[in-house]
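Q: Structure in structure tokens, see below.
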Amino acid sequence: MPAKLKTKDNTATYSGKASADTPGTPSRRADQSIFATMTEPDRTTSDYASHAPTYHTNKDSPYVLPNGGPEHARLETQARHLSAIMGGRVIHSPILDNAVERILDVGCGTGVVSDHLARSFPTADVIGLDLSPVPQLRDRPSNVRFVQGNILTDSPSEWKASRDSESRERSQKLPDEAAFDLIYSRLLVCGMSEWPRYIRKEFSLLKSGGWAEVHDVDWIWYDKQDRIISDDWPWWRELRSVGESRGLDFSCASRAQQWMKDAGFVDVQFNTYRWPFGGKWEKEKVWQEFGDYGSSAMTDMVWHMVPRMMEGRPGVTSETIDQMRADMKRDFAPEEGKHWVFYATCGRKP
């Protein structure tokens, strides 16, 4: 339960306010223009739930979310909100600019955080890795490039240049070990099937002294008294069971710190952020907007996730899908205090 969480200074960053920078830690506020200039997608012309989704084709990954234009718009909006609730502090690792030569953004999606990292570390070589081609949604910094591959099954030398980066000069092969100073990932919960293996892979790909940073969310919903409410949702118990049978771990966010320690990381630390489902009860605009996003965009996302995971299973009919979707919409309705918890966990390779 979040109230019991402790960070390295025995306090949990779990409140309705964006966390303050840890003393002595670089704030990573160097370039926020990429988030500040984002606008909400026009939901009348890019209705996520009614759009026929497309998906990645990597046979080794269980990733269940779409990869088309509406999903790109959702990811862009999500990135803006997460940056806002963190006070612009996307990177929590206490890493200095002059110590960074190469950065990896795993599961980079639209490349929005990759672009941010490239601007924040202008002398670093920033690589965004994804299962799908990265869309060209904005002008890119000259020090960012994108590759396509699976972090678990492919070595860096096997990653292929994404269509966005095919013409870039710096498309040389990457070393397969000790290649990076910072490895970042956000919200791999719907696609990572072997978390301890992934954390060990991060460890092997980092240089000595490098940092890994994992941002993710536990799929556990709480009420305003911090009592778990999602255990009483039959549709979610069924969906979770199917996901777990495929290797997904819906408590990966809170478990990341132990996986890092088991892999050999030191100085492991984490911050937590409340992710509200409903904004009108929040006192600050940034949290009001984030709460509105939480209830609406997560409903849209899981709308496609239900059939993607359930179709073809014994006894599952179109009526089953329709009922699960209806129950999900009811349970995701805005409500004062309803929330789940987002974790930012980082650790250093000795």
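Here's how to read the names in the structure tokens: chain A, B, ... by the order shown, residue numbers from 1 in each chain, ligand numbers from 1 in the order shown.
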Run DSSP on the backbone and tell me which residues of range 104-186 of chain A come out as strand (DSSP E or B); list them as a PDB file with N, CA and C atoms, in the first residue's frame.

A:
```
ATOM      1  N   LEU A 104      19.713   5.224 -23.614  1.00  0.00           N
ATOM      2  CA  LEU A 104      18.750   4.361 -24.270  1.00  0.00           C
ATOM      3  C   LEU A 104      17.374   4.585 -23.657  1.00  0.00           C
ATOM      4  N   ASP A 105      16.375   4.827 -24.514  1.00  0.00           N
ATOM      5  CA  ASP A 105      14.978   4.953 -24.106  1.00  0.00           C
ATOM      6  C   ASP A 105      14.239   3.720 -24.621  1.00  0.00           C
ATOM      7  N   VAL A 106      13.900   2.805 -23.708  1.00  0.00           N
ATOM      8  CA  VAL A 106      13.310   1.519 -24.081  1.00  0.00           C
ATOM      9  C   VAL A 106      11.788   1.647 -24.181  1.00  0.00           C
ATOM     10  N   ASP A 125      24.542  10.831 -27.184  1.00  0.00           N
ATOM     11  CA  ASP A 125      23.904  10.093 -28.278  1.00  0.00           C
ATOM     12  C   ASP A 125      22.690   9.392 -27.672  1.00  0.00           C
ATOM     13  N   VAL A 126      21.491   9.790 -28.086  1.00  0.00           N
ATOM     14  CA  VAL A 126      20.256   9.255 -27.524  1.00  0.00           C
ATOM     15  C   VAL A 126      19.619   8.296 -28.519  1.00  0.00           C
ATOM     16  N   ILE A 127      19.353   7.064 -28.067  1.00  0.00           N
ATOM     17  CA  ILE A 127      18.749   6.043 -28.919  1.00  0.00           C
ATOM     18  C   ILE A 127      17.393   5.671 -28.349  1.00  0.00           C
ATOM     19  N   GLY A 128      16.353   5.766 -29.166  1.00  0.00           N
ATOM     20  CA  GLY A 128      15.027   5.323 -28.780  1.00  0.00           C
ATOM     21  C   GLY A 128      14.748   3.967 -29.409  1.00  0.00           C
ATOM     22  N   LEU A 129      14.370   2.991 -28.594  1.00  0.00           N
ATOM     23  CA  LEU A 129      14.118   1.622 -29.052  1.00  0.00           C
ATOM     24  C   LEU A 129      12.640   1.287 -28.904  1.00  0.00           C
ATOM     25  N   ASP A 130      12.043   0.714 -29.952  1.00  0.00           N
ATOM     26  CA  ASP A 130      10.646   0.311 -29.862  1.00  0.00           C
ATOM     27  C   ASP A 130      10.400  -0.902 -30.762  1.00  0.00           C
ATOM     28  N   VAL A 144      19.502  12.533 -31.597  1.00  0.00           N
ATOM     29  CA  VAL A 144      18.599  11.430 -31.288  1.00  0.00           C
ATOM     30  C   VAL A 144      18.381  10.589 -32.536  1.00  0.00           C
ATOM     31  N   ARG A 145      18.276   9.288 -32.357  1.00  0.00           N
ATOM     32  CA  ARG A 145      17.962   8.380 -33.457  1.00  0.00           C
ATOM     33  C   ARG A 145      17.130   7.234 -32.903  1.00  0.00           C
ATOM     34  N   PHE A 146      16.476   6.510 -33.787  1.00  0.00           N
ATOM     35  CA  PHE A 146      15.540   5.480 -33.355  1.00  0.00           C
ATOM     36  C   PHE A 146      15.859   4.150 -34.019  1.00  0.00           C
ATOM     37  N   VAL A 147      15.691   3.089 -33.237  1.00  0.00           N
ATOM     38  CA  VAL A 147      15.941   1.738 -33.718  1.00  0.00           C
ATOM     39  C   VAL A 147      14.749   0.862 -33.354  1.00  0.00           C
ATOM     40  N   GLN A 148      14.608  -0.218 -34.094  1.00  0.00           N
ATOM     41  CA  GLN A 148      13.491  -1.124 -33.910  1.00  0.00           C
ATOM     42  C   GLN A 148      14.022  -2.484 -33.478  1.00  0.00           C
ATOM     43  N   LYS A 160      17.488  -2.630 -35.655  1.00  0.00           N
ATOM     44  CA  LYS A 160      17.433  -2.049 -36.992  1.00  0.00           C
ATOM     45  C   LYS A 160      17.031  -0.583 -36.916  1.00  0.00           C
ATOM     46  N   ALA A 161      17.601   0.225 -37.807  1.00  0.00           N
ATOM     47  CA  ALA A 161      17.243   1.641 -37.843  1.00  0.00           C
ATOM     48  C   ALA A 161      15.768   1.795 -38.163  1.00  0.00           C
ATOM     49  N   PHE A 180      25.789   1.972 -22.403  1.00  0.00           N
ATOM     50  CA  PHE A 180      24.999   3.148 -22.058  1.00  0.00           C
ATOM     51  C   PHE A 180      25.330   3.697 -20.670  1.00  0.00           C
ATOM     52  N   ASP A 181      25.097   5.005 -20.521  1.00  0.00           N
ATOM     53  CA  ASP A 181      25.256   5.671 -19.231  1.00  0.00           C
ATOM     54  C   ASP A 181      23.917   5.816 -18.512  1.00  0.00           C
ATOM     55  N   LEU A 182      22.820   5.793 -19.276  1.00  0.00           N
ATOM     56  CA  LEU A 182      21.477   5.898 -18.705  1.00  0.00           C
ATOM     57  C   LEU A 182      20.537   5.076 -19.573  1.00  0.00           C
ATOM     58  N   ILE A 183      19.746   4.206 -18.937  1.00  0.00           N
ATOM     59  CA  ILE A 183      18.702   3.453 -19.623  1.00  0.00           C
ATOM     60  C   ILE A 183      17.377   3.779 -18.951  1.00  0.00           C
ATOM     61  N   TYR A 184      16.455   4.275 -19.741  1.00  0.00           N
ATOM     62  CA  TYR A 184      15.171   4.737 -19.236  1.00  0.00           C
ATOM     63  C   TYR A 184      14.054   3.943 -19.886  1.00  0.00           C
ATOM     64  N   SER A 185      13.002   3.648 -19.121  1.00  0.00           N
ATOM     65  CA  SER A 185      11.800   3.062 -19.713  1.00  0.00           C
ATOM     66  C   SER A 185      10.583   3.560 -18.955  1.00  0.00           C
ATOM     67  N   ARG A 186       9.478   3.663 -19.695  1.00  0.00           N
ATOM     68  CA  ARG A 186       8.232   4.129 -19.092  1.00  0.00           C
ATOM     69  C   ARG A 186       7.067   3.255 -19.558  1.00  0.00           C
TER      70      ARG A 186
END
```

Q: Could you list, as a ChimeraX atom specification, every residue within 8 Å of range 329-333 of chain A, counting only C-alpha atoms and ignoring same-chain residues fewer than 3 positions away?

A: /A:233,277-278,295,298-299,325-326

Q: Quick one: distance from CA of Ala124 in chain A to CA of Arg102 in chain A in Å, one decimal?

A: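 Computing the Euclidean distance for CA of Ala124 in chain A and CA of Arg102 in chain A yields 5.2 Å.
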
Q: What does the structure give for the distance between CA of Asp292 in chain A and CA of Thr77 in chain A, in Å to one decimal?

A: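 Computing the Euclidean distance for CA of Asp292 in chain A and CA of Thr77 in chain A yields 11.7 Å.
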
Q: For Ser241 in chain A, which of A:Met310, A:Trp281, A:His56, A:Lys261 is the closest residue, counting only C-alpha atoms?

A: A:Met310

Q: Using only C-alpha atoms for the distances, tell me which of A:Lys349, A:Ser93, A:Gly315, A:Ala73 is nearest to Lys201 in chain A.

A: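 The shortest atom-to-atom distance to Lys201 in chain A comes from A:Lys349.
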
Q: So, counting only C-alpha atoms, which residue among A:Ile321, A:Gln288, A:Gly337, A:Arg255 is closest to Ala84 in chain A?

A: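 Checking each candidate against Ala84 in chain A, we get A:Gln288 as the closest.
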